[in-house]
Every structure is written in structure tokens, then in C-alpha cells.
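Colleague: Dropping the structure in here first, questions after.
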Amino acid sequence: MLTGKWLDIGPTTQIQPGSARTLPVAGGEEIAVFHTMRGEFYALVNKCPHKAGPLSEGIVHGDTVSCPLHNWRISLRTGEAQGDDKGCTPTIPMKVDAGRMFLLREAVIGPVAQSGVAA
Amino acid sequence: MNADTGFAAASALKERLVVIGNGMAGCRAVEEVLARDPARYAITIFGAEPRVNYNRIMLSPVLAGEKTFDEIVINGPEWYADNAITLVSGDPVTAIDTAERTVTSASGRVEPYDRLLIATGSDPFIIPVPGHDLPGVVTFRDLDDVDKMLAAAEGGGHAVVIGGGLLGLEAAHGLTLRGMSVSVVHLMPTLMERQLDEAAGWLLRQELERRGQTILTGANTKAILEADGRVAGVELEDGTRIKADIVVMAVGIRPATALAKAAGLTVERGILVDDHMVTSDPAVLAVGECVQHRGACYGLVAPLWDMCRSLAAYLTDAPQGYEGSVTSTKLKVSGIDLFSAGDFSGGEGAEDIVLRDAARGVYKRVVLRDNKVVGAVLYGDTADGSWYFDLLKKGEDVSPIREALIFGQAFAQGGGALADPNAAVAALPDDAEICGCNGVSKGQVVGCINAGAHSLDAVRSTCKASASCGSCTGLVERLLAVTLGAEVESGPKPMCKCTSFTHDDVRRNIVEKGLRAIPQVMQELHWTTPEGCSSCRPALNYYLLCAWPGEYEDDQKSRFVNERLHANIQKDGTYSVVPRMWGGLTNPRELRAIADVVEKYDAPMVKVTGGQRLDIFGIKKEDLPAVWADLNAAGMVSGHAYGKSLRTVKTCVGSEWCRFGTQDSTGLGVKIERMTWGSWMPHKFKIAVSGCPRNCAEATIKDFGVVCVDSGYELHIGGNGGIHVRATDLLTKVATEKEAMEMCAAFIQLYREDAHYLERTAPWVERKGVDWVRAQLLDDPEAVGKLARRFRYSQKFSQDDPWAARVAGERRDLHAHLAQVRPLQLENA
Ligand code: SRM
Ligand SMILES: Cc1cc2nc3c(=O)[nH]c(=O)nc-3n(C[C@H](O)[C@H](O)[C@H](O)COP(=O)(O)OP(=O)(O)OC[C@H]3O[C@@H](n4cnc5c(N)ncnc54)[C@H](O)[C@@H]3O)c2cc1C
Ligand code: SF4
Ligand code: FES
């Protein structure tokens, strides 16, 4: 069952469509959780592959976000930079169930802690 | 077990198939089994509802008064009798014993099975707000719900439908037809956001509002209000209260899995099934909305039919396997044509083809990926919906018909010549009407092209084709291409890749046609993308804000981060905070407050800016509201150092102190800043007032500069000290402060109303010509007064300190983290 693997991060209503919110992780990378205009949810490490700009503050359009610092476009699905720019931001597997958002625990806390959780 | 039955023919020895759920999937599954092998099973169906099997999707027409219950029955009593099916209706199953292979019903009936089929459908989701269980709060799932709604509608009155999805809108439609006044409360900004994009959702909304429904989007229900022991209204998060005699909750459904879960079957979101609809117990199958297959749960009937076929094939020993379904949606609201299918979220590698016909209210969008149709949204004209859906399911390569795809099947498959739009246009007769607004025929357009109009603009100005609404722009462009080949002159640059309209055209149309929302501009001006891009959205937002002060509601999604967070983002993701210092003046109280903030929030740097004020660096977005609260408390407001708006009014000390000063430049600067602060502009705007021609405030490289002289005030415009330094042009000279301020307001308004978004005054003045600017302001003695009045009017709505609003709690979500994750917590969560 899923309870061992997914981390409940609260109701979807916390994130307005077309925007993102942040989830700092002690000892890990801050995560940006996006809610697109079309009601999809994505989670990525909150760092642009260019110069680590906070993607959470960019303009969201379709399933991409434009980085607030130098306007690179990053795919929310894959974390990949679009167009001529090269680079990739790690994504965190995410699901929505009955109005609540869940992140894959292993991906949130990294591989070291992972073994502890799986036990 | 089968071996034991041997050749015994008695029906008692048939395998016993028990079905839980007398709904759409359960009965269809039985039909499919009977069609394959009518003699194989002894069948018992349990139904919680006290009636025979009916077509649930037709409850909407029943509610709307377009059908009666009798007309929507699928299988009447004779069907059960003819097929020797035992129907136990009005008696829900309450337990399954998978070890004993029995089910038990509410009335205590115990039924043994060899094969069990669970087809319990879904339960409507009820948001657990206070009052959700009051009498008068209903869901929309079965006939009893419809009866409750009809009873409520008898007295007219008010209905609130919570949820603007398919079900909610069908309920709203039915209740409207039944004479209730209906409000729809929807959490998302777009109606039916799962099926529709912003553009189609907006058209739908317009139509529903035209029909008298009140549509509230972005509206979060806080509570259902009570009076006399039943529902009386709905209260929203923002405090709005809506009267209600009945509340319909249509916010979504959840697979009905409780029974399966209690029986120990594997359940995630739905009951897990394999490709043959078998659950984790080999004797138990499940079908319909209650299942989860390959990660997907469905809420429409088409996938259920596919499931039922696979299930029946398996139960009759000819397994095929179900592979999942692609779904499409239509809304059953009479007079509204809407179709949506597949994945239209766009993104990487996806290509949008958009066709908008404002006159007919049509929006069509087909999404391609690797030259295959992956999604479609149609509004207003859905004739080709099934054709696109078919292309989508087949996954055909559509590159041969790519150009004509959006015009529909008849056009695209017209074959040969017609599939090429240029050829199609060439084939039109000379008297075919091209421009409906101005009544221009193809012959006339070609005539004017041959007479020398070699660009779109030239055609527009000579024969007026496409000069009004512009919907025939594409046709005129094709005529140019067909007539001139390579000689077409490209016209002025369009605003962005989403449109063929220029900034000027867009601005003119917004005003002339009274366009009041971004999706409306996009529809009326035939945007070729569904929701614009990060270049046109902020521009449209500004143009609308400028055109309709006090009326247009700012679209925060269309703002760059700095304007959303009212602070400048820094390279490390922190923010800088610049409070306003009117005319560069400050005092101990302000300085103390700034010093306190720097210490309290550990700001790594505070600096005097080139704009005569102090900039506090390194503030975290979570701390911004608290910082602003402290600054507000000392009387300071936002300096808009982050905005396409008035920045600073730089002043020098002037006649108060300076031995050369001719006028009170400081005082005038403060007055000007008080008049102009908070105004949104096409780009940032800087002002300076110098007390004499020595010009210590650098007024002659500002957007608007005042140089005081003995006899009055020289007013300068269009200066820039940035990338391309440009000294100002002298606009005029006036005698009094009052005139200087009036001219300043008028000039700003002229710039606000005319310039392109992201065009500073310097390039704008160069593009239009100084003479043009002078003529606008000086030729007509009334002009300045009119412009200045319009500026002051719009300022009424923009001189609210945006920081104070945030301090008061507005948009707290923008500043607060969602949560914090600490590994220890995580382990224990
Ligand atoms: C803070 C300040 C520098 C300073 O330490 O003094 C500054 C800082 C920035 N300037 Fe400036 N400019 C500052 C005065 C100026 C001036 C001088 C002035 O205003 O008198 C100029 C030249 C005058 C002019 O604009 O005509 C100036 C010309 C620019 C330009 C070039 C504009 C142009 O039209 O060419 C940019 C780039 C842009 O806007 O696209 C820019 C952009 C910026 C940005 C917003 C860059 C950015 O996008 O992040 C910097 C923001 C820093 C921050 O986070 O606060 N800054 N900048 C000054 C703030 C003044 C204020 O109190 O608001
Ligand atoms: C108003 C409305 C309009 C719709 N419009 C459309 C549309 O236009 N297009 C479309 O594709 N889909 C539409 N749908 C969705 C469609 O009706 C469902 O997808 C379909 O009915 C699902 O079939 P099902 O058999 O899984 O569930 P259901 O049809 O709900 O059948 C389940 C049955 O099981 C019974 N049951 C539950 N628990 C038990 C128990 N323990 N014991 C005995 N019986 C039990 C329930 O009472 C119910 O009768 C609409 C739905 C509604 C409510
Ligand atoms: S030079 Fe002129 S404006 Fe500057 S301080 Fe002296 S008098 Fe004032
Ligand atoms: S840091 Fe994101 S574009 Fe530069």
C-alpha cells in the first residue's frame, strides 16, 4: 500500500492555479510544487539549471515555467530546459488523491535516508 | 469446482455469478456475458437503488425536463425475468466473505457465489465544510437526488451549485430551466478545467452568464449556512455570502471501494484490477468507476463499455485483455457545443493549432505531438469532434493534412488542391466575400494588391479588407501570397508569436470593441495560441488595466515575479526592499525604521540608490510582509522599485537652501511624486526636478524632467540614462507649478495610452516623433486637461499601497512555504 511511500503535503487548495509554492527540506534541496492553469501538479527541485534561480517564482504557462532570473523555460514534466538552453532540474514524483498532494518520500529525503524509510 | 459439476444440466449447478451494483457497468457486463454465453451463469444482481437499471448519464435531461425516468430505463423488469436474473433491489450488499465466497446484504440475505463482480460505481465527494450535512444539501448521482432537486425547484428560489465541472454545470442548467436562480461556485479559475483550457472555459462562462447564471470562479467554499434547521446559504473564503434554498455539491467523485477494502481486496484509489478486470482475489472481478486499471480511474461511460467487453470475454473463457481507454467529453447543456478529448496540456514537443472565429463564437484547438493528434478542445463548433477523436485514437501521422487539419474533416479530406489552403483561396470565385465587416470581395482585394498594395497594411488602408475585426487577416495574407508570390512585403511586427496583430492594433481594438478580459482579447483577436505566452500576457494585462481603470481586475498570473511580490528578486532568490522616500526626502523616524529592519532581519546590505533612496537587500520572501509591516508602521509605502510604474522623483535642494535655486524644486518633486506614485505604466518611468539649469537632479535624462528657471518651469520629455543615453527634448515652458503638474499628468497619460508594453519614453518619443507628442499635448487647448483628468481618475484605483494589503494578509500563499520537511519528522509521519 502507499502509505509507506508517499508524503502527504496537504490539500491542493493551498496552491493557486498558475503558481507554485515552496517546501524547504532540512539537509536537502528546497522543492517547488507547481499547480498549472489546467489543474496539473508537479514538483521539482527549486533550482534553475542555469544559475539556480528559484523556479517557484517564475511565470507558469502550459506545463513549463519561465525562470524569474534569466527567462529560461523549464519543462515541469521533465525538468528539462527548453529551446536552445541545456540543463535539467531534478523532478520529484508526485500524485494527487482526493484533493490532497503527495510526494514520493524517497525522492524528497534522498537515497541515504531511503533505506531507513523502506524498512 | 468445475470438474465436480460434470454434465449436470440443472440450473442449480450452473456457476453462480453475483453482481454488486445494478448500475451502468454492472448491467452492461451482464449483457455482454449473456451475449457470449447465455446459459453459463446463474446470475444475481444486488442494487442499492430501489429500481431497475437506467441510464445514469440521462439524469441531466431528466432534471432539465427533457426526458422522463421511463425514457431512460435501459433494462426493465422483463429483461431480468427473460434472462432468469434475480434482482435484489433496494438492498445493498454490506459485506463480502472471500473465504466462504458469500455476500451479505443489509436485509440479512446471504448469497453464495462462484464468481463475484463488484460494480459499485462512485460516491460523490462531499467537502467537509461546516454545514455539509444540513437538509437541502444534495449531491447529483442518482434519481433520488434528482427528485430532491425537483422538489426544491418547485418553489423557485435560489440554488448554489458547488463545482463547475461537467456534473455541476448540468445540474445548474437543469435548475435554471426549472426556474431557479442559480450560482455556480468553482474553486478553479476556469470552468471544467480538466476538460477545457482557459480560452474555451471563458467562452463557456460568457454563455452561461448570458443565460442568467452567476459564475464565481477562484471561489473556495468556507461554510454552508443554516436557518431553521436547513440550508440557507453558502459562505466563501473571502467572506462573500450567497443565498441558497438548495446546495448541490458536485465537486467530484470517489470510487466506491469501502466494501472491497473491508473484504481485504487490494485497493488504492480504486479497486485494483488486471487487464481482465480480476481483483487481487481470483474469484472476484470488478468493473466500472470503482476500479483502478493501470493507474487510471475513469468517470465516463465509454471506458466502462470497453472494460465490460474484456470482462465478459474473460468470464466466457475467451480472454482479450483491456488496455485502457482514451476519453472524450461533451457537455449535455442544450445550445452549448463543447467537445474535449485527450491531453491538451501542451508543453514540451507539443504543437498547438488554434482557430478562432469571433463572429461565430468558435474556438478550436488541436494539439499535436510527433505529428499525431494527442488532444482537442472545441467550443461553438464540434462537428469535427469525433473525427479528431478518431485521429487521436488511431495515432495516425497527420503531416499530410497538417495545414488544413484545423478547418475540419470536409476541408482537410477535400483532397488534392483543397488541402492546400493557398490553393483553396485561389479557387474562390472573384465575388466571394473576404471581409464581412467592410463587404470586400476577393476580386476587390486582388485588384488592390495588383494596384500596388503589397503588404497587409497597404491592403487594410486601401480597400479596408481586414481593417476592422481582423478575422479575415489570414485570408488576406493568403491572397497576398497567391497574387504576389515572394514579393509580399512584411508589415509591421506583430506583438508576439501568438498573434498577427501589432501592439497598436491590439490597444485600438481593446478600446473600440470594449474588450475587458485577457481571454476575450485572445478570442476576439484570433490568438493562435490557447493562453498566450509570457510575452503577451503581461502586455495584455497592462493594456486592459490602462483602458478600464477601476473595472479591470488585475491578473496576477500575468505579472512578472517582481510585480507579484512587490520586491526585486536577486540572483540568490532573496529580495530587495525599497520604500518610497518622497522626492528623496527622509527623516529620523524613517531612517530609524529602516535601520531597525536591517538589524531585525539580518539584511546583509543597505545602500543609497541612484534614485535617492535606500535599498535593503537580502530579504527572504517569507519575511517580506513583516518587513513591510515595520516600514508601514513608520509611515512608509512601497517604492515600486520593482515595477513597470513610476519609480522615483529625484529632486535637488532648490530655492529652500541652494544659493542658485530659482524655485522650490524639492517641494514640487514631492507633489509630483504624490500625484504619480502607484501608477502602472508600459515601462518604468522616472522623473526629476532640478532647481536651476545646473540640473543637479539630472532632469534632462529622465522620462519627464522639470528644470526650474526664474520665469517658471521648463518641461522635458523622453530622456534616458540607461543603455542608450538620450537627453530629453524640451516639450514646453510653463509659468506655474500647477501647469507643470498638469502637463506632467497629461504626458504620462499619453504615454500610458499609446506606448507599447516595455517601451520606455525615449524610444517611444523617437518612434512617434517629438512633433507628434507636442501636437497631441499643445495643439488642442483642451487636450492636456482631458488627459490629466483620465490620469487622475485611474490613479484613484492604483494609489493603494500594495505592501499594506499584503501586511493585512492578502495572498499570504505567495510568501509562506507550503510546509517544512525535516527528515526526523518524515520518518515519523
Ligand atoms: C538600485 C539601483 C542601483 C543603485 O544601487 O543605485 C538600480 C538597480 C537596478 N536597476 Fe537601475 N537601478 C537604479 C537606478 C538606475 C538609474 C539612475 C536613476 O534612476 O536615476 C538608471 C539610469 C536612468 C534611467 O533609467 O533612464 C538605471 C538604469 C537601469 C536600466 C536601463 C534602463 C534603460 O532604459 O536603458 C535597467 C534595465 C531595465 O530596466 O531593463 C535597470 C535595472 C535595474 C535592476 C532593476 C536590474 C534588475 O532587473 O534586477 C536593478 C535592481 C536592483 C534591486 O534589486 O534593487 N536600471 N537604474 C537604482 C535604484 C533607483 C531607485 O531608487 O529606484
Ligand atoms: C448526472 C450525471 C451525468 C453524467 N453524464 C455523463 C456523460 O454525459 N457521459 C459520460 O460518459 N458519463 C456521464 N456520467 C458518468 C456515468 O454515469 C458513470 O460513468 C457511470 O454511470 C458509471 O457506471 P458504474 O456502473 O461504474 O456506476 P453506477 O452507474 O453509479 O452504478 C453503481 C451502482 O451500484 C450501486 N451500489 C453501490 N454500492 C452498492 C452496494 N454495496 N450494494 C449494492 N449496490 C450498490 C449504486 O447504487 C449504483 O446504482 C454522468 C453521471 C451523472 C451522475
Ligand atoms: S545647482 Fe541648481 S539646482 Fe542644483 S543645487 Fe544648486 S541651485 Fe540647486
Ligand atoms: S537562473 Fe534560471 S534562467 Fe538563469
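Each chain in the C-alpha cells gets a letter, A, B and so on, in the order shown; residues start at 1 in every chain, and ligands are counted from 1 in the order they appear.
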Taking only C-alpha atoms into account, what are the residues of chain A at most 6 Å from chain B, put as JSON, numbers by chain?
Modeller: {"A": [21, 22, 23, 24, 25, 26, 38, 54, 57, 62, 63]}
Colleague: Can you list, as a PyMOL selection string, every residue of region 28-116 of chain A that DSSP puts in alpha helix (DSSP H)?
Modeller: chain A and resi 105-116
Colleague: Put those residues in a file: C-alpha atoms, as a PDB file, in the first residue's frame.
Modeller:
```pdb
ATOM      1  CA  ARG A 105       9.161  10.144   0.167  1.00  0.00           C
ATOM      2  CA  GLU A 106      12.356   8.629  -1.167  1.00  0.00           C
ATOM      3  CA  ALA A 107      12.724  11.433  -3.672  1.00  0.00           C
ATOM      4  CA  VAL A 108      12.187  14.081  -1.013  1.00  0.00           C
ATOM      5  CA  ILE A 109      14.740  12.911   1.501  1.00  0.00           C
ATOM      6  CA  GLY A 110      17.326  11.411  -0.823  1.00  0.00           C
ATOM      7  CA  PRO A 111      18.834   7.957  -1.253  1.00  0.00           C
ATOM      8  CA  VAL A 112      20.672   7.762   2.102  1.00  0.00           C
ATOM      9  CA  ALA A 113      17.561   8.035   4.203  1.00  0.00           C
ATOM     10  CA  GLN A 114      15.674   5.939   1.726  1.00  0.00           C
ATOM     11  CA  SER A 115      16.761   2.628   3.158  1.00  0.00           C
ATOM     12  CA  GLY A 116      15.511   3.741   6.557  1.00  0.00           C
TER      13      GLY A 116
END
```
Colleague: Please list as a PDB file with C-alpha atoms, in the first residue's frame every residue within 12 Å of Pro11 (chain A), counting only C-alpha atoms and excluding residues in the same chain fewer than 6 positions away.
Modeller:
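Resulting contents of result-v2.pdb:
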```pdb
ATOM      1  CA  HIS A  35      -0.155  23.923  -9.948  1.00  0.00           C
ATOM      2  CA  PHE A  41       0.538  19.328 -10.213  1.00  0.00           C
ATOM      3  CA  LYS A  95       0.355  12.463  -7.130  1.00  0.00           C
ATOM      4  CA  VAL A  96      -2.937  13.964  -6.129  1.00  0.00           C
ATOM      5  CA  ASP A  97      -5.607  11.951  -4.400  1.00  0.00           C
ATOM      6  CA  ALA A  98      -8.950  13.139  -3.075  1.00  0.00           C
ATOM      7  CA  GLY A  99      -7.833  16.741  -3.042  1.00  0.00           C
ATOM      8  CA  ARG A 100      -4.509  16.138  -1.299  1.00  0.00           C
ATOM      9  CA  MET A 101      -0.974  16.249  -2.673  1.00  0.00           C
ATOM     10  CA  PHE A 102       1.598  13.535  -2.134  1.00  0.00           C
TER      11      PHE A 102
ATOM     12  CA  ILE B 127     -16.313  18.720   1.006  1.00  0.00           C
ATOM     13  CA  LEU B 818       3.841  25.128   1.869  1.00  0.00           C
ATOM     14  CA  ALA B 819       5.381  23.284   4.783  1.00  0.00           C
TER      15      ALA B 819
END
```
Colleague: Name each residue within 7 Å of ligand 3, counting only C-alpha atoms and all ligand atoms, as a PyMOL selection string.
Modeller: chain B and resi 652-655+658-661+690-697
Colleague: Selection from above, N, CA and C atoms, as an mmCIF file, in the first residue's frame, can you write it?
Modeller:
```
data_model
loop_
_atom_site.group_PDB
_atom_site.id
_atom_site.type_symbol
_atom_site.label_atom_id
_atom_site.label_comp_id
_atom_site.auth_asym_id
_atom_site.auth_seq_id
_atom_site.Cartn_x
_atom_site.Cartn_y
_atom_site.Cartn_z
ATOM 1 N N CYS B 652 16.516 68.129 -6.399
ATOM 2 C CA CYS B 652 17.667 68.756 -5.758
ATOM 3 C C CYS B 652 17.134 69.667 -4.657
ATOM 4 N N VAL B 653 18.035 70.299 -3.909
ATOM 5 C CA VAL B 653 17.572 71.061 -2.736
ATOM 6 C C VAL B 653 16.774 72.314 -3.097
ATOM 7 N N GLY B 654 17.107 72.921 -4.262
ATOM 8 C CA GLY B 654 16.290 74.022 -4.750
ATOM 9 C C GLY B 654 16.342 75.288 -3.909
ATOM 10 N N SER B 655 15.363 76.192 -4.153
ATOM 11 C CA SER B 655 15.416 77.550 -3.593
ATOM 12 C C SER B 655 15.367 77.600 -2.073
ATOM 13 N N CYS B 658 19.487 76.252 -1.618
ATOM 14 C CA CYS B 658 20.598 76.402 -2.548
ATOM 15 C C CYS B 658 20.740 77.851 -3.003
ATOM 16 N N ARG B 659 21.991 78.321 -3.099
ATOM 17 C CA ARG B 659 22.167 79.736 -3.454
ATOM 18 C C ARG B 659 21.792 80.020 -4.900
ATOM 19 N N PHE B 660 21.707 78.966 -5.756
ATOM 20 C CA PHE B 660 21.330 79.203 -7.143
ATOM 21 C C PHE B 660 19.854 78.883 -7.412
ATOM 22 N N GLY B 661 19.223 78.276 -6.492
ATOM 23 C CA GLY B 661 17.858 77.765 -6.726
ATOM 24 C C GLY B 661 16.885 78.853 -7.134
ATOM 25 N N SER B 690 14.897 69.710 -11.116
ATOM 26 C CA SER B 690 16.102 70.447 -10.736
ATOM 27 C C SER B 690 15.751 71.914 -10.501
ATOM 28 N N GLY B 691 16.434 72.518 -9.536
ATOM 29 C CA GLY B 691 16.094 73.886 -9.132
ATOM 30 C C GLY B 691 16.638 74.971 -10.040
ATOM 31 N N CYS B 692 17.601 74.628 -10.917
ATOM 32 C CA CYS B 692 18.116 75.610 -11.862
ATOM 33 C C CYS B 692 18.817 74.864 -12.981
ATOM 34 N N PRO B 693 19.225 75.523 -14.028
ATOM 35 C CA PRO B 693 19.789 74.810 -15.180
ATOM 36 C C PRO B 693 21.087 74.039 -14.880
ATOM 37 N N ARG B 694 21.669 74.189 -13.718
ATOM 38 C CA ARG B 694 22.825 73.337 -13.393
ATOM 39 C C ARG B 694 22.373 71.877 -13.300
ATOM 40 N N ASN B 695 21.116 71.746 -13.016
ATOM 41 C CA ASN B 695 20.450 70.450 -13.204
ATOM 42 C C ASN B 695 21.032 69.316 -12.356
ATOM 43 N N CYS B 696 21.183 69.569 -11.064
ATOM 44 C CA CYS B 696 21.758 68.550 -10.175
ATOM 45 C C CYS B 696 20.922 67.279 -10.099
ATOM 46 N N ALA B 697 19.643 67.378 -10.388
ATOM 47 C CA ALA B 697 18.800 66.175 -10.295
ATOM 48 C C ALA B 697 18.801 65.399 -11.611
#
```
Colleague: Counting only C-alpha atoms and all ligand atoms, which protein, DNA or RNA residues come within 12 Å of ligand 4, given as a ChimeraX atom specification?
Modeller: /A:46-59,65-74,80-82,85-89 /B:569-573
Colleague: Step one, run DSSP on the backbone; step two, keep only residues of region 36-76 of chain A assigned to strand (DSSP E); then write them as a list in words.
Modeller: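 Taking region 36-76 of chain A and keeping strand (DSSP E) only, one gets Phe41, Tyr42, Ala43, Leu44, Val45, Ile59, Val60, His61, Thr64, Val65, Ser66, Arg73, Ile74 and Ser75 of chain A.
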Colleague: Those same residues, written as a short mmCIF file (atom, residue, chain, number, x, y, z; two decimals), in the first residue's frame with all heavy atoms?
Modeller:
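So the final result, stored in result_15.cif, reads:
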```
data_model
loop_
_atom_site.label_atom_id
_atom_site.label_comp_id
_atom_site.auth_asym_id
_atom_site.auth_seq_id
_atom_site.Cartn_x
_atom_site.Cartn_y
_atom_site.Cartn_z
N PHE A 41 -0.43 19.04 -11.27
CA PHE A 41 0.54 19.33 -10.21
C PHE A 41 1.89 18.71 -10.54
O PHE A 41 1.96 17.58 -11.03
CB PHE A 41 0.03 18.79 -8.87
CG PHE A 41 -1.12 19.58 -8.33
CD1 PHE A 41 -2.41 19.34 -8.77
CD2 PHE A 41 -0.92 20.59 -7.41
CE1 PHE A 41 -3.48 20.08 -8.30
CE2 PHE A 41 -1.97 21.33 -6.91
CZ PHE A 41 -3.26 21.08 -7.36
N TYR A 42 2.96 19.45 -10.26
CA TYR A 42 4.31 18.94 -10.49
C TYR A 42 5.21 19.40 -9.35
O TYR A 42 5.00 20.46 -8.78
CB TYR A 42 4.89 19.49 -11.79
CG TYR A 42 4.12 19.10 -13.03
CD1 TYR A 42 3.22 19.98 -13.62
CD2 TYR A 42 4.28 17.85 -13.61
CE1 TYR A 42 2.51 19.62 -14.74
CE2 TYR A 42 3.57 17.48 -14.73
CZ TYR A 42 2.68 18.36 -15.30
OH TYR A 42 1.98 18.00 -16.40
N ALA A 43 6.23 18.59 -9.07
CA ALA A 43 7.20 19.00 -8.06
C ALA A 43 8.60 18.89 -8.64
O ALA A 43 8.94 17.91 -9.30
CB ALA A 43 7.06 18.12 -6.82
N LEU A 44 9.40 19.93 -8.42
CA LEU A 44 10.78 19.97 -8.92
C LEU A 44 11.67 20.54 -7.83
O LEU A 44 11.20 21.30 -6.97
CB LEU A 44 10.90 20.91 -10.13
CG LEU A 44 10.41 20.46 -11.49
CD1 LEU A 44 8.91 20.66 -11.59
CD2 LEU A 44 11.09 21.26 -12.58
N VAL A 45 12.95 20.22 -7.92
CA VAL A 45 13.90 20.92 -7.06
C VAL A 45 13.84 22.39 -7.45
O VAL A 45 13.79 22.73 -8.64
CB VAL A 45 15.32 20.34 -7.25
CG1 VAL A 45 16.35 21.26 -6.61
CG2 VAL A 45 15.39 18.95 -6.63
N ILE A 59 6.88 32.65 -14.19
CA ILE A 59 5.53 32.63 -14.78
C ILE A 59 5.28 31.23 -15.32
O ILE A 59 6.09 30.67 -16.06
CB ILE A 59 5.39 33.68 -15.90
CG1 ILE A 59 5.40 35.10 -15.29
CG2 ILE A 59 4.09 33.48 -16.68
CD1 ILE A 59 5.06 36.21 -16.27
N VAL A 60 4.15 30.64 -14.93
CA VAL A 60 3.80 29.28 -15.36
C VAL A 60 2.91 29.39 -16.59
O VAL A 60 1.92 30.10 -16.58
CB VAL A 60 3.02 28.56 -14.24
CG1 VAL A 60 2.64 27.15 -14.66
CG2 VAL A 60 3.84 28.54 -12.96
N HIS A 61 3.30 28.72 -17.68
CA HIS A 61 2.40 28.67 -18.83
C HIS A 61 2.48 27.30 -19.45
O HIS A 61 3.55 26.74 -19.63
CB HIS A 61 2.72 29.78 -19.85
CG HIS A 61 4.17 29.99 -20.10
ND1 HIS A 61 4.77 29.66 -21.28
CD2 HIS A 61 5.15 30.47 -19.30
CE1 HIS A 61 6.05 29.94 -21.21
NE2 HIS A 61 6.31 30.43 -20.02
N THR A 64 5.14 24.48 -18.56
CA THR A 64 6.51 24.96 -18.39
C THR A 64 6.49 26.15 -17.45
O THR A 64 5.45 26.76 -17.21
CB THR A 64 7.13 25.44 -19.73
OG1 THR A 64 6.29 26.44 -20.28
CG2 THR A 64 7.29 24.30 -20.71
N VAL A 65 7.69 26.47 -16.92
CA VAL A 65 7.82 27.67 -16.11
C VAL A 65 8.98 28.48 -16.69
O VAL A 65 9.99 27.90 -17.12
CB VAL A 65 8.05 27.34 -14.62
CG1 VAL A 65 9.30 26.51 -14.41
CG2 VAL A 65 8.11 28.61 -13.79
N SER A 66 8.83 29.80 -16.74
CA SER A 66 9.93 30.66 -17.17
C SER A 66 10.66 31.11 -15.92
O SER A 66 10.07 31.69 -15.01
CB SER A 66 9.41 31.88 -17.92
OG SER A 66 8.86 31.48 -19.15
N ARG A 73 13.22 28.57 -20.09
CA ARG A 73 11.96 27.86 -19.92
C ARG A 73 12.25 26.43 -19.50
O ARG A 73 13.00 25.72 -20.16
CB ARG A 73 11.14 27.88 -21.22
CG ARG A 73 10.33 29.16 -21.38
CD ARG A 73 9.21 29.01 -22.38
NE ARG A 73 9.62 28.28 -23.57
CZ ARG A 73 9.03 27.17 -23.99
NH1 ARG A 73 8.02 26.65 -23.31
NH2 ARG A 73 9.46 26.58 -25.08
N ILE A 74 11.65 25.99 -18.42
CA ILE A 74 11.90 24.66 -17.88
C ILE A 74 10.62 23.84 -17.94
O ILE A 74 9.56 24.31 -17.52
CB ILE A 74 12.36 24.76 -16.40
CG1 ILE A 74 13.48 25.80 -16.23
CG2 ILE A 74 12.78 23.39 -15.86
CD1 ILE A 74 14.75 25.52 -17.00
N SER A 75 10.72 22.62 -18.46
CA SER A 75 9.55 21.74 -18.50
C SER A 75 9.23 21.24 -17.10
O SER A 75 10.11 20.75 -16.39
CB SER A 75 9.85 20.54 -19.41
OG SER A 75 8.95 19.49 -19.10
#
```
Colleague: Using only C-alpha atoms and all ligand atoms, determine which residues fall within 7 Å of ligand 2, then list them as a count of residues only.
Modeller: 43
